[in-house]
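Below is the file protein_7.tsv, which contains TSV, C-alpha atoms.
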```tsv
chain	number	residue	atom	x	y	z
A	1	MET	CA	67.06	80.64	106.94
A	2	ARG	CA	65.54	80.53	110.43
A	3	ASP	CA	62.08	79.06	110.96
A	4	VAL	CA	60.88	81.92	113.16
A	5	LEU	CA	61.29	85.56	112.19
A	6	LEU	CA	62.40	87.43	115.31
A	7	LYS	CA	62.26	91.21	115.32
A	8	LEU	CA	65.42	92.34	117.09
A	9	ARG	CA	65.59	95.92	118.35
A	10	ILE	CA	69.16	97.07	117.74
A	11	GLY	CA	70.76	100.26	118.95
A	12	VAL	CA	73.70	101.74	117.07
A	13	ILE	CA	76.23	103.99	118.77
A	14	GLY	CA	78.19	106.15	116.36
A	15	ALA	CA	77.40	107.85	113.06
A	16	GLY	CA	80.73	107.77	111.26
A	17	ARG	CA	81.72	105.77	108.21
A	18	MET	CA	81.98	102.40	110.00
A	19	ALA	CA	78.69	102.92	111.82
A	20	GLN	CA	76.99	103.65	108.51
A	21	SER	CA	78.46	100.47	107.02
A	22	HIS	CA	76.71	98.59	109.84
A	23	LEU	CA	73.52	100.56	109.23
A	24	ASP	CA	73.62	99.56	105.55
A	25	VAL	CA	73.65	95.92	106.64
A	26	LEU	CA	71.02	96.26	109.37
A	27	ALA	CA	68.65	98.13	107.05
A	28	SER	CA	68.75	95.18	104.62
A	29	MET	CA	67.59	92.66	107.25
A	30	PRO	CA	63.80	92.17	107.55
A	31	ASP	CA	64.06	90.81	111.10
A	32	VAL	CA	65.85	93.88	112.48
A	33	GLU	CA	64.47	97.14	113.79
A	34	ILE	CA	67.05	99.89	114.20
A	35	ALA	CA	65.58	101.14	117.45
A	36	ALA	CA	67.77	104.21	117.96
A	37	LEU	CA	70.99	105.91	117.02
A	38	ALA	CA	73.28	107.66	119.50
A	39	SER	CA	76.09	110.00	118.50
A	40	ARG	CA	77.54	113.24	119.82
A	41	GLY	CA	77.83	114.73	116.32
A	42	ALA	CA	74.37	116.16	115.62
A	43	GLU	CA	74.84	116.77	111.90
A	44	ARG	CA	75.97	113.26	111.03
A	45	ARG	CA	73.51	111.73	113.50
A	46	ASP	CA	70.51	113.54	112.03
A	47	ALA	CA	71.61	112.77	108.46
A	48	ALA	CA	71.96	109.07	109.30
A	49	CYS	CA	68.54	109.01	111.01
A	50	ALA	CA	66.94	110.52	107.93
A	51	ARG	CA	68.74	108.18	105.53
A	52	TYR	CA	67.93	104.99	107.46
A	53	ARG	CA	64.56	106.13	108.80
A	54	ILE	CA	65.56	105.83	112.45
A	55	GLY	CA	62.91	107.33	114.70
A	56	LYS	CA	64.92	107.83	117.91
A	57	ALA	CA	68.13	109.86	118.13
A	58	TYR	CA	70.27	110.54	121.20
A	59	GLN	CA	73.36	112.55	121.92
A	60	ASP	CA	74.21	110.48	125.00
A	61	HIS	CA	74.51	106.72	124.43
A	62	ARG	CA	73.81	106.02	128.10
A	63	GLU	CA	70.43	107.74	127.83
A	64	MET	CA	69.67	105.65	124.75
A	65	LEU	CA	70.57	102.43	126.57
A	66	ASP	CA	68.49	103.29	129.63
A	67	ARG	CA	65.42	104.56	127.78
A	68	GLU	CA	65.26	102.26	124.75
A	69	LYS	CA	66.61	99.04	126.31
A	70	PRO	CA	67.63	97.55	122.96
A	71	ASP	CA	68.09	93.80	122.53
A	72	ALA	CA	71.67	94.47	121.46
A	73	VAL	CA	73.94	97.29	120.34
A	74	ILE	CA	76.64	97.88	117.79
A	75	VAL	CA	79.40	100.11	119.14
A	76	ALA	CA	81.08	101.92	116.24
A	77	VAL	CA	82.47	105.11	117.73
A	78	SER	CA	85.97	106.59	117.45
A	79	VAL	CA	88.98	104.49	118.39
A	80	ALA	CA	89.58	106.77	121.36
A	81	ASP	CA	86.04	106.25	122.71
A	82	ASN	CA	85.48	102.53	122.02
A	83	TYR	CA	86.54	101.30	125.44
A	84	GLU	CA	84.44	103.65	127.56
A	85	VAL	CA	81.31	103.27	125.41
A	86	ALA	CA	81.63	99.47	125.30
A	87	ARG	CA	82.14	99.43	129.07
A	88	ASP	CA	78.90	101.38	129.59
A	89	CYS	CA	77.00	98.90	127.41
A	90	LEU	CA	78.43	95.75	128.97
A	91	GLN	CA	77.95	97.03	132.54
A	92	ARG	CA	74.23	97.24	131.74
A	93	GLY	CA	74.26	93.65	130.47
A	94	VAL	CA	73.57	94.74	126.88
A	95	HIS	CA	74.75	92.30	124.20
A	96	SER	CA	77.41	94.19	122.28
A	97	LEU	CA	79.22	94.00	118.96
A	98	ILE	CA	82.21	96.25	119.59
A	99	GLU	CA	84.16	97.62	116.67
A	100	LYS	CA	87.90	97.08	116.85
A	101	PRO	CA	89.85	97.87	118.86
A	102	PRO	CA	88.05	97.21	122.16
A	103	GLY	CA	90.44	99.57	123.89
A	104	LEU	CA	94.00	100.72	123.40
A	105	SER	CA	95.65	98.03	125.51
A	106	SER	CA	95.16	94.36	126.30
A	107	ALA	CA	94.36	95.40	129.90
A	108	GLU	CA	91.37	97.45	128.72
A	109	ALA	CA	90.11	94.58	126.56
A	110	ALA	CA	90.60	92.16	129.46
A	111	ASN	CA	88.55	94.45	131.70
A	112	LEU	CA	85.73	94.51	129.14
A	113	LEU	CA	85.81	90.70	129.09
A	114	LYS	CA	85.56	90.59	132.88
A	115	ILE	CA	82.61	92.99	132.83
A	116	ALA	CA	80.84	91.07	130.05
A	117	GLU	CA	81.19	87.75	131.85
A	118	SER	CA	80.01	89.24	135.15
A	119	ALA	CA	76.98	90.87	133.48
A	120	LYS	CA	76.31	87.82	131.29
A	121	ALA	CA	76.38	90.04	128.20
A	122	LEU	CA	77.07	88.42	124.84
A	123	HIS	CA	80.07	90.03	123.19
A	124	MET	CA	81.82	90.11	119.85
A	125	VAL	CA	84.62	92.23	118.38
A	126	GLY	CA	84.24	93.69	114.90
A	127	LEU	CA	87.07	91.93	113.11
A	128	GLN	CA	84.95	91.22	110.05
A	129	ARG	CA	87.75	89.95	107.82
A	130	ARG	CA	87.41	86.59	109.57
A	131	PHE	CA	84.07	86.35	107.76
A	132	LEU	CA	85.35	86.97	104.22
A	133	SER	CA	83.54	84.39	102.11
A	134	HIS	CA	86.56	83.49	99.99
A	135	LEU	CA	88.77	83.13	103.07
A	136	GLN	CA	86.28	80.79	104.69
A	137	THR	CA	86.05	78.68	101.51
A	138	GLY	CA	89.82	78.64	101.07
A	139	LEU	CA	90.49	77.54	104.65
A	140	ARG	CA	87.93	74.74	104.31
A	141	LEU	CA	89.50	73.44	101.09
A	142	LEU	CA	93.01	73.65	102.53
A	143	ARG	CA	92.07	71.85	105.76
A	144	GLU	CA	90.36	69.07	103.82
A	145	ARG	CA	93.87	68.10	102.63
A	146	GLY	CA	95.52	68.31	106.03
A	147	PRO	CA	96.62	70.70	108.77
A	148	VAL	CA	97.78	74.28	108.40
A	149	LEU	CA	101.58	74.12	108.24
A	150	GLY	CA	102.48	77.80	108.13
A	151	ILE	CA	101.18	81.34	107.84
A	152	SER	CA	102.74	84.44	106.33
A	153	VAL	CA	101.32	87.93	106.77
A	154	GLU	CA	102.45	91.14	105.09
A	155	ALA	CA	100.93	94.33	106.46
A	156	PRO	CA	102.47	97.65	105.36
A	157	GLU	CA	100.98	100.89	106.64
A	158	LEU	CA	101.15	104.20	104.80
A	159	PHE	CA	101.33	106.07	108.09
A	160	GLY	CA	102.39	109.44	106.70
A	161	PRO	CA	99.09	110.18	104.91
A	162	ILE	CA	97.19	108.94	107.98
A	163	LYS	CA	98.97	111.48	110.19
A	164	GLU	CA	98.47	114.26	107.64
A	165	LYS	CA	94.69	113.90	107.83
A	166	LYS	CA	94.81	115.24	111.42
A	167	LYS	CA	91.88	112.93	112.14
A	168	PHE	CA	93.37	111.01	115.06
A	169	PRO	CA	94.76	112.39	118.34
A	170	GLU	CA	98.39	111.78	119.22
A	171	HIS	CA	97.69	109.04	121.78
A	172	VAL	CA	95.75	107.05	119.17
A	173	LEU	CA	98.50	107.45	116.57
A	174	ALA	CA	100.95	106.17	119.17
A	175	LYS	CA	98.78	103.02	119.43
A	176	TRP	CA	98.16	102.62	115.69
A	177	MET	CA	98.76	98.87	115.76
A	178	PHE	CA	95.68	98.58	117.96
A	179	ALA	CA	93.67	100.96	115.79
A	180	ASN	CA	94.39	99.22	112.48
A	181	GLY	CA	97.16	96.63	112.55
A	182	ILE	CA	95.05	94.36	114.75
A	183	HIS	CA	93.18	93.14	111.66
A	184	LEU	CA	95.97	90.99	110.21
A	185	LEU	CA	97.47	89.98	113.54
A	186	ASP	CA	94.03	88.72	114.50
A	187	LEU	CA	93.76	86.85	111.18
A	188	MET	CA	97.07	85.12	111.85
A	189	CYS	CA	95.88	84.05	115.30
A	190	PHE	CA	92.49	83.06	113.89
A	191	VAL	CA	94.09	80.70	111.37
A	192	GLY	CA	96.92	79.48	113.62
A	193	GLY	CA	95.09	78.75	116.85
A	194	ASP	CA	96.68	78.51	120.28
A	195	ILE	CA	99.99	80.36	120.68
A	196	LEU	CA	102.94	78.56	122.25
A	197	SER	CA	105.70	81.17	121.87
A	198	VAL	CA	106.47	84.54	120.29
A	199	ALA	CA	109.73	86.12	119.13
A	200	SER	CA	109.49	89.76	117.98
A	201	ARG	CA	111.65	92.60	116.73
A	202	ARG	CA	110.81	96.21	115.99
A	203	TYR	CA	112.76	99.05	114.41
A	204	TRP	CA	112.40	102.78	113.81
A	205	ILE	CA	113.06	103.66	110.16
A	206	GLY	CA	111.61	107.13	109.75
A	207	GLU	CA	108.87	107.52	112.34
A	208	THR	CA	108.99	109.20	115.72
A	209	ILE	CA	105.47	108.39	116.94
A	210	HIS	CA	105.46	104.63	116.37
A	211	PRO	CA	107.98	101.95	115.34
A	212	ASP	CA	107.55	101.45	111.60
A	213	SER	CA	109.24	98.10	110.97
A	214	LEU	CA	107.65	95.29	112.99
A	215	HIS	CA	108.38	91.58	112.76
A	216	THR	CA	107.29	88.53	114.72
A	217	MET	CA	107.47	84.76	114.53
A	218	VAL	CA	104.69	82.92	116.33
A	219	GLU	CA	104.76	79.22	117.18
A	220	PHE	CA	101.26	77.78	117.25
A	221	ALA	CA	100.12	74.44	118.65
A	222	GLY	CA	100.29	71.69	116.04
A	223	SER	CA	103.71	72.61	114.58
A	224	CYS	CA	102.36	75.61	112.67
A	225	VAL	CA	104.56	78.71	112.53
A	226	GLY	CA	103.34	82.19	111.62
A	227	HIS	CA	105.49	85.01	110.23
A	228	TYR	CA	104.26	88.60	110.43
A	229	HIS	CA	106.08	91.56	109.00
A	230	SER	CA	104.92	95.13	108.62
A	231	ILE	CA	107.32	97.55	106.96
A	232	TRP	CA	105.27	100.71	106.92
A	233	PRO	CA	106.95	102.79	104.19
A	234	SER	CA	106.62	99.97	101.64
A	235	PRO	CA	103.54	99.76	99.38
A	236	GLY	CA	100.61	97.41	99.90
A	237	PRO	CA	98.41	95.57	99.61
A	238	TRP	CA	97.93	93.60	102.80
A	239	SER	CA	98.25	89.88	102.18
A	240	LEU	CA	97.75	86.56	103.93
A	241	ARG	CA	99.29	83.27	102.84
A	242	VAL	CA	98.36	79.96	104.44
A	243	TYR	CA	100.49	76.90	103.67
A	244	GLY	CA	98.92	73.46	103.66
A	245	VAL	CA	99.55	69.94	102.41
A	246	GLY	CA	100.08	70.19	98.66
A	247	CYS	CA	98.44	73.61	98.42
A	248	LYS	CA	98.75	77.24	99.39
A	249	LEU	CA	95.98	79.75	100.08
A	250	ILE	CA	96.73	83.29	98.87
A	251	ILE	CA	94.52	86.17	100.01
A	252	GLU	CA	95.91	89.21	98.18
A	253	PRO	CA	94.47	91.77	98.21
A	254	LEU	CA	92.24	90.80	101.11
A	255	GLU	CA	89.16	91.19	98.90
A	256	GLU	CA	90.32	88.36	96.60
A	257	GLY	CA	91.72	84.87	96.99
A	258	ARG	CA	92.95	81.76	95.26
A	259	ILE	CA	94.40	78.34	96.06
A	260	VAL	CA	97.57	77.21	94.30
A	261	TYR	CA	98.23	73.46	94.13
A	262	ALA	CA	101.47	71.47	93.91
A	263	ASP	CA	100.79	70.62	90.25
A	264	LYS	CA	100.82	74.41	89.54
A	265	THR	CA	97.08	74.61	88.90
A	266	SER	CA	95.10	77.20	90.82
A	267	THR	CA	91.50	77.92	91.74
A	268	THR	CA	90.04	81.41	92.14
A	269	LEU	CA	87.83	81.44	95.21
A	270	PRO	CA	84.21	82.57	94.79
A	271	ILE	CA	82.98	85.67	96.59
A	272	ASP	CA	79.54	85.85	98.19
A	273	PRO	CA	77.48	88.62	96.53
A	274	ARG	CA	76.94	90.21	99.95
A	275	ASP	CA	80.68	90.78	100.18
A	276	ALA	CA	80.30	92.85	97.03
A	277	ASP	CA	77.12	94.63	98.14
A	278	PHE	CA	78.43	95.58	101.59
A	279	LYS	CA	81.79	96.09	103.26
A	280	PRO	CA	83.42	92.65	102.74
A	281	GLY	CA	82.73	90.28	105.62
A	282	LEU	CA	80.40	92.68	107.41
A	283	TYR	CA	77.04	91.17	106.48
A	284	ALA	CA	78.10	87.68	107.58
A	285	GLN	CA	79.61	89.05	110.77
A	286	ASP	CA	76.56	91.11	111.77
A	287	ARG	CA	74.20	88.27	110.87
A	288	HIS	CA	76.25	85.91	113.04
A	289	PHE	CA	76.04	88.32	115.97
A	290	LEU	CA	72.31	88.88	115.61
A	291	ASP	CA	71.59	85.16	115.34
A	292	ALA	CA	73.57	84.61	118.54
A	293	CYS	CA	71.54	87.33	120.27
A	294	ALA	CA	68.30	85.75	119.06
A	295	SER	CA	69.35	82.37	120.46
A	296	LYS	CA	70.94	83.93	123.57
A	297	THR	CA	74.24	82.12	123.02
A	298	GLN	CA	77.76	83.54	122.94
A	299	PRO	CA	78.83	83.94	119.29
A	300	GLY	CA	81.12	81.07	118.24
A	301	TYR	CA	83.46	80.38	115.34
A	302	PRO	CA	84.41	82.31	113.26
A	303	ALA	CA	83.56	85.30	115.47
A	304	ALA	CA	86.20	87.17	117.45
A	305	ASN	CA	85.26	87.44	121.11
A	306	LEU	CA	86.88	89.65	123.72
A	307	ARG	CA	89.13	86.84	124.95
A	308	GLU	CA	90.57	86.43	121.45
A	309	ALA	CA	90.94	90.19	121.13
A	310	VAL	CA	93.01	90.17	124.31
A	311	THR	CA	95.33	87.60	122.70
A	312	ALA	CA	95.76	89.70	119.54
A	313	MET	CA	96.36	92.84	121.61
A	314	ARG	CA	98.96	91.11	123.78
A	315	LEU	CA	100.69	90.12	120.57
A	316	ILE	CA	100.68	93.78	119.50
A	317	GLU	CA	102.23	94.78	122.82
A	318	ASP	CA	104.93	92.16	122.31
A	319	LEU	CA	105.61	93.57	118.83
A	320	VAL	CA	105.87	97.17	119.96
A	321	ASP	CA	107.92	96.26	123.03
A	322	PRO	CA	109.88	93.01	122.37
A	323	SER	CA	111.45	93.16	125.85
A	324	ARG	CA	108.05	92.30	127.28
A	325	PRO	CA	107.81	88.51	127.90
A	326	TRP	CA	104.93	86.77	126.11
A	327	ALA	CA	103.96	84.55	129.03
```
structure tokens encoding of this file:
Amino acid sequence: MRDVLLKLRIGVIGAGRMAQSHLDVLASMPDVEIAALASRGAERRDAACARYRIGKAYQDHREMLDREKPDAVIVAVSVADNYEVARDCLQRGVHSLIEKPPGLSSAEAANLLKIAESAKALHMVGLQRRFLSHLQTGLRLLRERGPVLGISVEAPELFGPIKEKKKFPEHVLAKWMFANGIHLLDLMCFVGGDILSVASRRYWIGETIHPDSLHTMVEFAGSCVGHYHSIWPSPGPWSLRVYGVGCKLIIEPLEEGRIVYADKTSTTLPIDPRDADFKPGLYAQDRHFLDACASKTQPGYPAANLREAVTAMRLIEDLVDPSRPWA
């Protein structure tokens, strides 16, 4: 609880499902004013303004930025538009929480980082699963016993139903690892730390748009090795296993977790009520970003910044094209 209640004027760009998840969180915070909402879709924009009692609505996000001059923005537009909208915000020096992915290549994310640093804009990427309360507790308990020794990630994708929705354009489907797979690759990097080497393989089982069997082994500093495999036609759920000294952290499904000890006992990890009230991890993530904006400091651990997003996106590029050298 902060000593001084600061009223932050936040702009939100986007009115889709993810944007409304952020609006749910922002509306619950007494020190936040949702200054304006920008979205090209008038029907969803007007409905969101009515639901969250937002007084200013814009079709063009650039007009909103220039007229309202918010303290910070949350960029939650379509995957195809994230890069250009985030670029417009950062070029104006506006502190920005950018939903994943911050572009459809590591080069685009790297350019956003360059712009943010030049404009001195605080930046954060919306990889909210880093903030899962049970994951944070589990990692703390595991690290109290010693270092992380290994990581295993399983990330199937039911790509067929995603294509059938006709929601995403072809060029986004061709970059689906950036659009969705980035979540667990980022988690592996988040837990593992600095990458020393990568060895990847990819195969085409039944897809024509995107390889649908992806595998990588990542050597991290400190003798930790991460294994990632994503066999898309197989059923879920996504899972993360972290191996420590005399214990193992199991996050499966991602909304639940437990620690298993060498004596075969186990502990179910508690979940913060806000992870039940809102999209899991989102409240803590948004609060972290807003507190950083209030103190005018770049968000730190456990936040994902643009530099870390570049690392995860380079790893994706290595997965999709193993001939590409990591270094």
Is it possible to get the residues within 8 Å of (106.4, 82.2, 113.5) (coordinates as in the file, counting all atoms listed in the file) written as a list of chain:residue names?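 Residues lying no farther than 8 Å from the given point: A:Gly150, A:Ile151, A:Val198, A:Ala199, A:Thr216, A:Met217, A:Val218, A:Glu219, A:Phe220, A:Cys224, A:Val225, A:Gly226, A:His227, A:Tyr228.
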Counting all atoms listed in the file, select every polymer residue within 9 Å of (93.6, 65.5, 103.9) as defined in the file's coordinates, and provide the selection as a ChimeraX atom specification. /A:142-147,245
Near-Leu315 in chain A list (9 Å; all atoms listed in the file; drop same-chain fewer than 3 positions) as JSON, numbers by chain: {"A": [185, 198, 216, 310, 311, 312, 318, 319, 320, 326]}
Determine, counting all atoms listed in the file, which protein, DNA and RNA residues have an atom within 12 Å of an atom of Lys114 in chain A; residues of the same chain fewer than 2 positions away are not included. Present the result as a list in words.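 Here the qualifying residues turn out to be Arg87, Leu90, Gln91, Gly93, Ala107, Glu108, Ala109, Ala110, Asn111, Leu112, Ala116, Glu117, Ser118, Ala119, Lys120, Ala121, Leu122, His123, Leu306, Arg307 and Val310 of chain A.
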Report as a list of chain:residue names all protein, DNA and RNA residues lying within 6 Å of range 257-274 of chain A, evaluated on all atoms listed in the file, omitting residues in the same chain fewer than 5 positions from it.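 After dropping sequence-adjacent residues, the list is A:Ser133, A:His134, A:Gly246, A:Cys247, A:Lys248, A:Leu249, A:Ile250, A:Ile251.
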Expressed in Å to a single decimal, how great is the separation between CA of Glu157 in chain A and CA of Asp186 in chain A? 16.1 Å
Taking only C-alpha atoms into account, name the residue in A:Pro101, A:Arg92, A:Ser234, A:Thr137 that is nearest to Ile115 in chain A.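 The shortest atom-to-atom distance to Ile115 in chain A comes from A:Arg92.
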Find, counting only C-alpha atoms, the residue in A:Tyr52, A:Tyr203, A:Phe159, A:Phe178 that gets nearest to Arg314 in chain A.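 For Arg314 in chain A, the nearest of the given residues is A:Phe178.
The space between CA of Pro161 in chain A and CA of Glu255 in chain A spans 22.3 Å.
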Interatomic distance, CA of Phe190 in chain A to CA of Gly281 in chain A (Å, one decimal):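 Spanning CA of Phe190 in chain A to CA of Gly281 in chain A is a straight-line distance of 14.7 Å.
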Centre and edge lengths of an axis-aligned box around all listed atoms of range 68-82 of chain A, with 3 Å added on each side, are to be given in Å to one decimal, as lines of an AutoDock Vina configuration file.
```
center_x = 77.4
center_y = 100.3
center_z = 121.3
size_x = 30.3
size_y = 19.0
size_z = 16.1
```
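Proximity to range 46-49 of chain A at 7 Å, evaluated using all atoms listed in the file and with sequence-adjacent residues fewer than 5 positions away removed, yields Ala15, Ile54 and Gly55 of chain A.
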